[in-house]
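Trainee: Have a peek at coords30.txt (compact mmCIF, N, CA and C atoms).
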```txt
# COMPACT_ATOMS: atom_id res chain seq x y z
N MET A 1 35.40 3.25 13.60
CA MET A 1 34.30 4.15 13.81
C MET A 1 32.99 3.41 13.52
N ASP A 2 32.08 3.41 14.45
CA ASP A 2 30.78 2.75 14.28
C ASP A 2 29.81 3.68 13.55
N ILE A 3 28.98 3.08 12.75
CA ILE A 3 27.94 3.83 12.05
C ILE A 3 26.64 3.68 12.82
N GLU A 4 26.04 4.79 13.16
CA GLU A 4 24.77 4.76 13.87
C GLU A 4 23.63 4.78 12.86
N THR A 5 22.71 3.88 13.01
CA THR A 5 21.56 3.82 12.10
C THR A 5 20.28 4.03 12.90
N THR A 6 19.25 4.41 12.19
CA THR A 6 17.93 4.55 12.81
C THR A 6 16.94 3.72 12.01
N ARG A 7 15.89 3.34 12.66
CA ARG A 7 14.87 2.53 12.00
C ARG A 7 14.08 3.41 11.03
N TRP A 8 13.80 2.86 9.85
CA TRP A 8 13.01 3.57 8.84
C TRP A 8 11.77 2.74 8.54
N THR A 9 10.63 3.39 8.52
CA THR A 9 9.40 2.72 8.10
C THR A 9 8.67 3.64 7.12
N ALA A 10 7.96 3.03 6.20
CA ALA A 10 7.20 3.80 5.22
C ALA A 10 6.17 4.68 5.90
N THR A 11 5.61 4.21 7.00
CA THR A 11 4.55 4.98 7.66
C THR A 11 5.03 6.34 8.14
N ASP A 12 6.32 6.46 8.45
CA ASP A 12 6.86 7.75 8.88
C ASP A 12 6.84 8.78 7.75
N GLN A 13 6.83 8.31 6.51
CA GLN A 13 6.88 9.20 5.35
C GLN A 13 5.50 9.55 4.81
N LEU A 14 4.47 8.86 5.28
CA LEU A 14 3.12 9.04 4.75
C LEU A 14 2.37 10.11 5.54
N ASP A 15 2.87 11.32 5.49
CA ASP A 15 2.34 12.40 6.31
C ASP A 15 1.46 13.39 5.54
N SER A 16 1.15 13.07 4.29
CA SER A 16 0.27 13.94 3.50
C SER A 16 -0.49 13.10 2.48
N ASP A 17 -1.58 13.66 1.97
CA ASP A 17 -2.33 12.95 0.94
C ASP A 17 -1.47 12.69 -0.30
N ALA A 18 -0.63 13.66 -0.65
CA ALA A 18 0.24 13.51 -1.82
C ALA A 18 1.24 12.38 -1.63
N ALA A 19 1.79 12.25 -0.43
CA ALA A 19 2.74 11.17 -0.16
C ALA A 19 2.05 9.81 -0.22
N VAL A 20 0.86 9.72 0.34
CA VAL A 20 0.10 8.46 0.31
C VAL A 20 -0.22 8.09 -1.13
N LEU A 21 -0.70 9.05 -1.90
CA LEU A 21 -1.05 8.79 -3.28
C LEU A 21 0.16 8.33 -4.10
N ALA A 22 1.28 9.00 -3.95
CA ALA A 22 2.49 8.61 -4.68
C ALA A 22 2.93 7.20 -4.30
N TYR A 23 2.87 6.89 -3.02
CA TYR A 23 3.25 5.56 -2.52
C TYR A 23 2.34 4.49 -3.13
N LEU A 24 1.03 4.71 -3.06
CA LEU A 24 0.10 3.71 -3.59
C LEU A 24 0.20 3.58 -5.10
N GLU A 25 0.39 4.68 -5.81
CA GLU A 25 0.55 4.61 -7.26
C GLU A 25 1.75 3.75 -7.63
N ALA A 26 2.85 3.94 -6.93
CA ALA A 26 4.06 3.15 -7.20
C ALA A 26 3.84 1.67 -6.91
N VAL A 27 3.17 1.39 -5.81
CA VAL A 27 2.93 0.00 -5.43
C VAL A 27 1.95 -0.66 -6.40
N PHE A 28 0.88 0.05 -6.79
CA PHE A 28 -0.08 -0.51 -7.74
C PHE A 28 0.57 -0.75 -9.09
N GLU A 29 1.48 0.13 -9.48
CA GLU A 29 2.19 -0.04 -10.74
C GLU A 29 3.00 -1.33 -10.74
N ASP A 30 3.58 -1.65 -9.60
CA ASP A 30 4.35 -2.90 -9.48
C ASP A 30 3.43 -4.10 -9.64
N GLY A 31 2.24 -4.03 -9.04
CA GLY A 31 1.23 -5.07 -9.22
C GLY A 31 1.35 -6.29 -8.33
N ASP A 32 2.30 -6.34 -7.43
CA ASP A 32 2.47 -7.49 -6.55
C ASP A 32 1.41 -7.43 -5.44
N PRO A 33 0.50 -8.41 -5.39
CA PRO A 33 -0.58 -8.39 -4.39
C PRO A 33 -0.09 -8.29 -2.95
N ALA A 34 1.00 -8.98 -2.63
CA ALA A 34 1.52 -8.93 -1.26
C ALA A 34 2.04 -7.53 -0.94
N LEU A 35 2.68 -6.91 -1.91
CA LEU A 35 3.19 -5.55 -1.72
C LEU A 35 2.04 -4.55 -1.59
N ILE A 36 0.99 -4.73 -2.40
CA ILE A 36 -0.18 -3.86 -2.32
C ILE A 36 -0.84 -3.99 -0.94
N ALA A 37 -1.00 -5.21 -0.47
CA ALA A 37 -1.61 -5.43 0.84
C ALA A 37 -0.76 -4.78 1.93
N ALA A 38 0.56 -4.92 1.84
CA ALA A 38 1.45 -4.31 2.84
C ALA A 38 1.36 -2.78 2.79
N ALA A 39 1.29 -2.23 1.58
CA ALA A 39 1.20 -0.78 1.43
C ALA A 39 -0.11 -0.25 2.00
N LEU A 40 -1.20 -0.95 1.74
CA LEU A 40 -2.49 -0.53 2.30
C LEU A 40 -2.46 -0.58 3.82
N SER A 41 -1.78 -1.58 4.36
CA SER A 41 -1.61 -1.66 5.80
C SER A 41 -0.78 -0.50 6.32
N ASP A 42 0.28 -0.14 5.58
CA ASP A 42 1.11 1.01 5.96
C ASP A 42 0.28 2.29 6.00
N VAL A 43 -0.55 2.49 4.98
CA VAL A 43 -1.38 3.68 4.92
C VAL A 43 -2.39 3.70 6.08
N ALA A 44 -2.99 2.55 6.34
CA ALA A 44 -3.94 2.46 7.46
C ALA A 44 -3.26 2.80 8.77
N THR A 45 -2.05 2.29 8.96
CA THR A 45 -1.29 2.58 10.18
C THR A 45 -0.96 4.06 10.27
N ALA A 46 -0.50 4.63 9.15
CA ALA A 46 -0.15 6.05 9.12
C ALA A 46 -1.36 6.94 9.42
N ARG A 47 -2.55 6.47 9.03
CA ARG A 47 -3.78 7.24 9.25
C ARG A 47 -4.41 6.96 10.61
N GLY A 48 -3.76 6.09 11.40
CA GLY A 48 -4.23 5.82 12.75
C GLY A 48 -5.26 4.72 12.86
N LEU A 49 -5.42 3.92 11.83
CA LEU A 49 -6.35 2.79 11.90
C LEU A 49 -5.60 1.59 12.47
N ALA A 50 -6.09 1.06 13.55
CA ALA A 50 -5.43 -0.08 14.20
C ALA A 50 -5.51 -1.34 13.35
N ARG A 51 -6.62 -1.49 12.66
CA ARG A 51 -6.80 -2.66 11.79
C ARG A 51 -7.71 -2.29 10.64
N PRO A 52 -7.73 -3.12 9.61
CA PRO A 52 -8.59 -2.80 8.45
C PRO A 52 -10.05 -2.72 8.85
N PRO A 53 -10.89 -2.09 8.03
CA PRO A 53 -12.32 -2.03 8.31
C PRO A 53 -12.91 -3.42 8.55
N ALA A 54 -13.97 -3.46 9.32
CA ALA A 54 -14.57 -4.73 9.74
C ALA A 54 -15.02 -5.60 8.57
N ALA A 55 -15.56 -5.00 7.55
CA ALA A 55 -16.05 -5.79 6.42
C ALA A 55 -14.87 -6.25 5.56
N GLU A 56 -14.55 -7.52 5.67
CA GLU A 56 -13.45 -8.07 4.89
C GLU A 56 -14.00 -8.64 3.59
N PRO A 57 -13.31 -8.42 2.47
CA PRO A 57 -13.80 -8.94 1.20
C PRO A 57 -13.73 -10.46 1.16
N ASP A 58 -14.63 -11.05 0.38
CA ASP A 58 -14.63 -12.50 0.22
C ASP A 58 -13.66 -12.95 -0.87
N ILE A 59 -13.14 -12.01 -1.64
CA ILE A 59 -12.25 -12.32 -2.76
C ILE A 59 -10.84 -11.88 -2.40
N ALA A 60 -9.87 -12.74 -2.65
CA ALA A 60 -8.48 -12.41 -2.36
C ALA A 60 -7.98 -11.31 -3.30
N LEU A 61 -7.16 -10.44 -2.77
CA LEU A 61 -6.63 -9.32 -3.55
C LEU A 61 -5.88 -9.79 -4.78
N ASP A 62 -5.11 -10.84 -4.65
CA ASP A 62 -4.36 -11.32 -5.81
C ASP A 62 -5.29 -11.79 -6.92
N SER A 63 -6.43 -12.34 -6.58
CA SER A 63 -7.41 -12.75 -7.59
C SER A 63 -7.98 -11.55 -8.32
N VAL A 64 -8.25 -10.50 -7.57
CA VAL A 64 -8.78 -9.27 -8.17
C VAL A 64 -7.76 -8.69 -9.15
N ILE A 65 -6.51 -8.62 -8.72
CA ILE A 65 -5.46 -8.05 -9.58
C ILE A 65 -5.26 -8.89 -10.83
N ARG A 66 -5.23 -10.21 -10.70
CA ARG A 66 -5.07 -11.09 -11.88
C ARG A 66 -6.24 -10.92 -12.84
N THR A 67 -7.46 -10.82 -12.30
CA THR A 67 -8.64 -10.64 -13.14
C THR A 67 -8.59 -9.31 -13.88
N LEU A 68 -8.23 -8.25 -13.18
CA LEU A 68 -8.12 -6.94 -13.82
C LEU A 68 -7.09 -6.98 -14.94
N LYS A 69 -5.93 -7.58 -14.69
CA LYS A 69 -4.88 -7.66 -15.71
C LYS A 69 -5.37 -8.47 -16.92
N ALA A 70 -6.09 -9.56 -16.66
CA ALA A 70 -6.61 -10.38 -17.75
C ALA A 70 -7.60 -9.62 -18.61
N LEU A 71 -8.28 -8.66 -17.99
CA LEU A 71 -9.25 -7.83 -18.71
C LEU A 71 -8.60 -6.59 -19.34
N GLY A 72 -7.28 -6.48 -19.18
CA GLY A 72 -6.59 -5.33 -19.72
C GLY A 72 -6.78 -4.07 -18.90
N LEU A 73 -7.09 -4.25 -17.62
CA LEU A 73 -7.32 -3.12 -16.71
C LEU A 73 -6.24 -3.10 -15.65
N GLU A 74 -6.12 -1.99 -14.95
CA GLU A 74 -5.17 -1.89 -13.87
C GLU A 74 -5.78 -1.20 -12.67
N LEU A 75 -5.26 -1.48 -11.50
CA LEU A 75 -5.70 -0.88 -10.27
C LEU A 75 -4.90 0.40 -10.03
N THR A 76 -5.58 1.48 -9.73
CA THR A 76 -4.90 2.75 -9.47
C THR A 76 -5.47 3.38 -8.21
N ALA A 77 -4.73 4.35 -7.70
CA ALA A 77 -5.17 5.07 -6.51
C ALA A 77 -5.45 6.51 -6.88
N LYS A 78 -6.48 7.09 -6.25
CA LYS A 78 -6.86 8.48 -6.50
C LYS A 78 -7.30 9.07 -5.17
N ALA A 79 -6.87 10.26 -4.89
CA ALA A 79 -7.27 10.92 -3.65
C ALA A 79 -8.78 11.17 -3.68
N ALA A 80 -9.42 10.94 -2.55
CA ALA A 80 -10.88 11.13 -2.47
C ALA A 80 -11.24 12.58 -2.35
```
Output the file's structure as structure tokens, nothing else.

Mentor:
Amino acid sequence: MDIETTRWTATDQLDSDAAVLAYLEAVFEDGDPALIAAALSDVATARGLARPPAAEPDIALDSVIRTLKALGLELTAKAA
């Protein structure tokens, strides 16, 4: 008997502000810059943004996260 599978993506689950917030909180808690960047991309895709905003930061995300941690701070998400 064959098992039928379907494709799963995080963007399919990000259908409410609460889901987005929970997703980002979990990712920020992990602290992995690559994971945070991927999650932000997932949220942008779920919200219908084809690409990130035009103004790109001059500082790498991993540098920001390392600096915050060194200062005893953490990055968090909050609904606007």

Trainee: Please list as a list of chain:residue names every residue within 10 Å of stretch 23-27 of chain A, counting only C-alpha atoms and excluding residues in the same chain fewer than 3 positions away.

Mentor: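 The neighbour list is A:Ala10, A:Gln13, A:Leu14, A:Asp17, A:Ala18, A:Ala19, A:Val20, A:Asp30, A:Gly31, A:Asp32, A:Pro33, A:Ala34, A:Leu35, A:Ile36, A:Ala37, A:Ala38, A:Ala39, A:Leu40, A:Asp42, A:Val43, A:Leu75, A:Thr76, A:Ala77, A:Lys78.
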
Trainee: So which residues of chain A fall under helix (DSSP H, G or I) by DSSP, listed as number ranges by chain?

Mentor: A: 10-13, 17-30, 33-46, 61-70

Trainee: Could you work out how far atom C of A:Ser63 lies from atom CA of A:Leu21, giving the answer in Å with one decimal?

Mentor: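 Atom-to-atom, atom CA of A:Leu21 and atom C of A:Ser63 are spaced 22.1 Å apart.
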
Trainee: So how far away is atom CA of A:Ser41 from atom CA of A:Asp15, in Å?

Mentor: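 Atom-to-atom, atom CA of A:Asp15 to atom CA of A:Ser41, that is 14.6 Å.
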
Trainee: How far is it from atom CA of A:Thr45 to atom C of A:Ser16, in Å with one decimal?

Mentor: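 Between these atoms lies a distance of 13.1 Å.
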
Trainee: With all atoms of stretch 33-37 of chain A from the file as input, state the centre and edge lengths in Å to one decimal of the axis-aligned box that has 5 Å extra on each side, as AutoDock Vina command-line options.

Mentor:
```
--center_x 0.8 --center_y -6.4 --center_z -1.7 --size_x 14.8 --size_y 15.1 --size_z 17.3
```
